[in-house]
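First comes the structure, then the notes that go with it.
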Amino acid sequence: MGATIVEVRCGRHNMLATTSLRSPRPVRLLNGATVASLQRHGKQMAIVTVDGRVLVVHLGMSGRMTFESAPPTDADRHAHVAWLVQPKSPSKPKVPWGNTAHWLVFRDPRRFGELASLASPTALERRWRALGPDAFLAPPDALMAALRGLRRQAKAALLDQAVLAGVGNIYADESLFRAGVHPTQSLDRLSEDRLVRLIAAIQVTLTAAVNSGGSTLRDYVDANAQAGGYQSYHLIYGRAGEACPTCGRPLEGLTAAGRTTVACSTCQRLIHKRRGKVAGSSG
DNA sequence: CTGCTCCCCTGGGAGC
DNA sequence: TGCTCCCAGGGGAGCA
């Protein structure tokens with residue numbers, strides 16, 4: 001907070017997507033701005049500046065934002081944008097780079113990431129209202145309200161950022177396994193108890209992952225270029241064919257919601273019938 | 001609405 | 001070693 005962006009370099013212009021801020025590109029990329037706050041909702045981050053500009057950052061699959069002492073070179077083909085950041089001074093250094101100006105570099109080889117400039121915090125609010133509650137921070141009640149009664153496959157719902165925000169393919173599989181819910185299970189067939197269990201599983205999974213610095217399969221590093229460690233704790237993700245950690249039977253690999261999925265067909269039984277109806281009772 | 005399939009793009013690993 | 005094929009953490013569009 002209070003840091004100033006004193007220079008912006010943009011190597012690939014088309015990373016900056018839709019914008020509600022009609023200004024020259026350096027302005028939209030926050031050139032000259034003083035940072036007011038950093039925010040996050042689900043997988044999206046936002047830099048909000050004192051003069052009201054907003055830059056939304058979505059890392060996609062291979063994106064990374066790292067602090068570096070030198071600007072990227074021309075040979076660095078995937079360094080799309082670099083900001084020279086001057087920390088607030090004088091102040092006690094709370095950041096690894098102290099009070100020295102450092103480069104914040106956005107790299108994204110696959111270019112599935114996105115930068116979007118918005119004209120105001122109101123526009124950010126509007127954008128994020130289209131997303132479901134943040135899966136990591138929202139109270140379980142809010143997640144319950146988002147999931148209850150949906151006639152959708154559990155995995156599809158978890159991956160849909162408009163239902164709840166922040167769960168991707170890895171953590172969807174891990175959460176469903178923890179909760180004993182099959183990925184293709186329609187949510188409207190789940191009991192209240194099972195839904196509560198699923199929501200708890202999502203929050204346990206995300207908390208554990210965040211505490212371990214995330215999952216690095218290939219690309220992911222944090223702002224200090226540190227890889228994550230959670231991949232070694234994955235219960236089932238990437239383990240199709242291996243033994244289920246609970247029952248020992250082989251984990252199945254399948255496609256659900258169009259994505260690579262792993263599940264244990266024994267521990268994550270599909271429920272086809274509505275709960276609470278007993279055969280033979282009146283109709 | 002829901003779920004498919006395809007597409008955006010590059011790089012790493014497996015297999016020949 | 002070098003080549004090809006296949007796959008990937010996201011998400012939007014278009015279609016059934």
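If you're wondering about the labels, chains in the structure tokens are A, B, ... by order shown, residues count from 1 in each chain, ligands from 1 in order shown.
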Only residues of chain C matter here; which ones have an atom within 9 Å of chain A, counting only C-alpha atoms (C1' of nucleotides)? Give them as an mmCIF file with C-alpha atoms (C1' of nucleotides), in the first residue's frame.
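Below is the file selection20.cif, written as the result:
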```cif
data_model
loop_
_atom_site.group_PDB
_atom_site.id
_atom_site.type_symbol
_atom_site.label_atom_id
_atom_site.label_comp_id
_atom_site.auth_asym_id
_atom_site.auth_seq_id
_atom_site.Cartn_x
_atom_site.Cartn_y
_atom_site.Cartn_z
ATOM 1 C "C1'" DA C 8 -2.026 -29.417 -19.099
ATOM 2 C "C1'" DG C 9 -3.850 -25.760 -13.244
ATOM 3 C "C1'" DG C 10 -8.727 -21.611 -17.167
ATOM 4 C "C1'" DG C 11 -12.518 -20.053 -19.413
#
```
To one decimal in Å, tell me the separation between CA of Ile199 in chain A and CA of Gly248 in chain A. 24.9 Å
Provide the CA of Leu30 in chain A to CA of Ala101 in chain A distance in Å, to one decimal place.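 Separation between CA of Leu30 in chain A and CA of Ala101 in chain A: 15.8 Å.
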Apply DSSP to the structure's backbone, then extract all residues of range 17-111 of chain A labelled strand (DSSP E) and return them as an MDAnalysis selection string. chainID A and resid 35:41 44:49 54:58 64:68 79:86 102:107
Those same residues - C-alpha atoms - I'd like them written as a short mmCIF file (atom, residue, chain, number, x, y, z; two decimals), in the first residue's frame.
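selection-v4.cif, written as the output of this step:
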```
data_model
loop_
_atom_site.label_atom_id
_atom_site.label_comp_id
_atom_site.auth_asym_id
_atom_site.auth_seq_id
_atom_site.Cartn_x
_atom_site.Cartn_y
_atom_site.Cartn_z
CA VAL A 35 -1.46 1.74 -4.88
CA ALA A 36 -4.41 2.06 -2.51
CA SER A 37 -5.24 -1.60 -1.98
CA LEU A 38 -4.76 -5.11 -3.26
CA GLN A 39 -7.88 -7.22 -3.46
CA ARG A 40 -8.80 -10.73 -4.47
CA HIS A 41 -11.97 -12.61 -5.24
CA GLN A 44 -8.93 -12.78 -9.71
CA MET A 45 -6.66 -10.22 -8.10
CA ALA A 46 -7.05 -6.48 -8.37
CA ILE A 47 -4.76 -3.54 -7.82
CA VAL A 48 -6.80 -0.50 -6.83
CA THR A 49 -5.08 2.86 -7.00
CA VAL A 54 -8.23 -0.65 -11.21
CA LEU A 55 -6.20 -3.37 -12.84
CA VAL A 56 -7.57 -6.91 -12.60
CA VAL A 57 -5.03 -9.71 -12.85
CA HIS A 58 -6.02 -13.28 -13.62
CA ARG A 64 2.93 -15.63 -12.69
CA MET A 65 3.68 -12.29 -11.07
CA THR A 66 7.14 -11.99 -9.60
CA PHE A 67 9.28 -9.26 -8.10
CA GLU A 68 12.65 -8.90 -9.73
CA ALA A 79 7.25 -11.31 -19.92
CA HIS A 80 4.24 -9.37 -21.15
CA VAL A 81 4.09 -6.46 -18.73
CA ALA A 82 6.54 -5.08 -16.17
CA TRP A 83 5.89 -2.42 -13.56
CA LEU A 84 8.66 -0.54 -11.77
CA VAL A 85 7.34 -0.25 -8.24
CA GLN A 86 8.72 2.25 -5.77
CA HIS A 102 11.74 -3.37 -7.92
CA TRP A 103 10.15 -4.71 -11.05
CA LEU A 104 6.88 -6.56 -10.83
CA VAL A 105 6.80 -8.80 -13.89
CA PHE A 106 3.75 -10.51 -15.39
CA ARG A 107 4.72 -13.63 -17.33
#
```
Could you list, as a ChimeraX atom specification, every residue of chain A that has an atom within 10 Å of an atom of chain B, counting only C-alpha atoms (C1' of nucleotides)? /A:62,78,108-112,151-153,156,218,256-258
Enumerate as a ChimeraX atom specification all residues of range 149-229 of chain A assigned to helix (DSSP H, G or I) by DSSP on the backbone, naming them with the chain letters and numbers the document uses. /A:154-159,169-179,187-189,192-211
8 Å contact set for range 175-186 of chain A, only C-alpha atoms (C1' of nucleotides), chain neighbours under 3 positions out, as a list in words: Leu150, Arg151, Arg152, Gln153, Ala154, Lys155, Ala156, Tyr171, Ala172, Arg189, Leu190, Arg194, Arg197, Leu198, Ala201, Ile202, Thr205, Leu235, Ile236, Ala256, Thr261, Ala263, Cys264, Ser265, Cys267, Gln268, Arg269, Leu270 and Ile271 of chain A
Identify, on the basis of only C-alpha atoms (C1' of nucleotides), every residue whose closest approach to Leu251 in chain A does not exceed 6 Å; exclude the query and any residue fewer than 5 positions from it along the same chain; express the result as an NGL selection string. :A and (240-244 or 263-264)
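Here CA of Cys10 in chain A is placed at a distance of 20.6 Å from CA of Ala225 in chain A.
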Do a neighbour search on range 22-27 of chain A at 9 Å with only C-alpha atoms (C1' of nucleotides), toss out local chain neighbours closer than 3 positions, and write the hits as a PyMOL selection string. chain A and resi 7-10+13+16+19+30-33+53+118-119
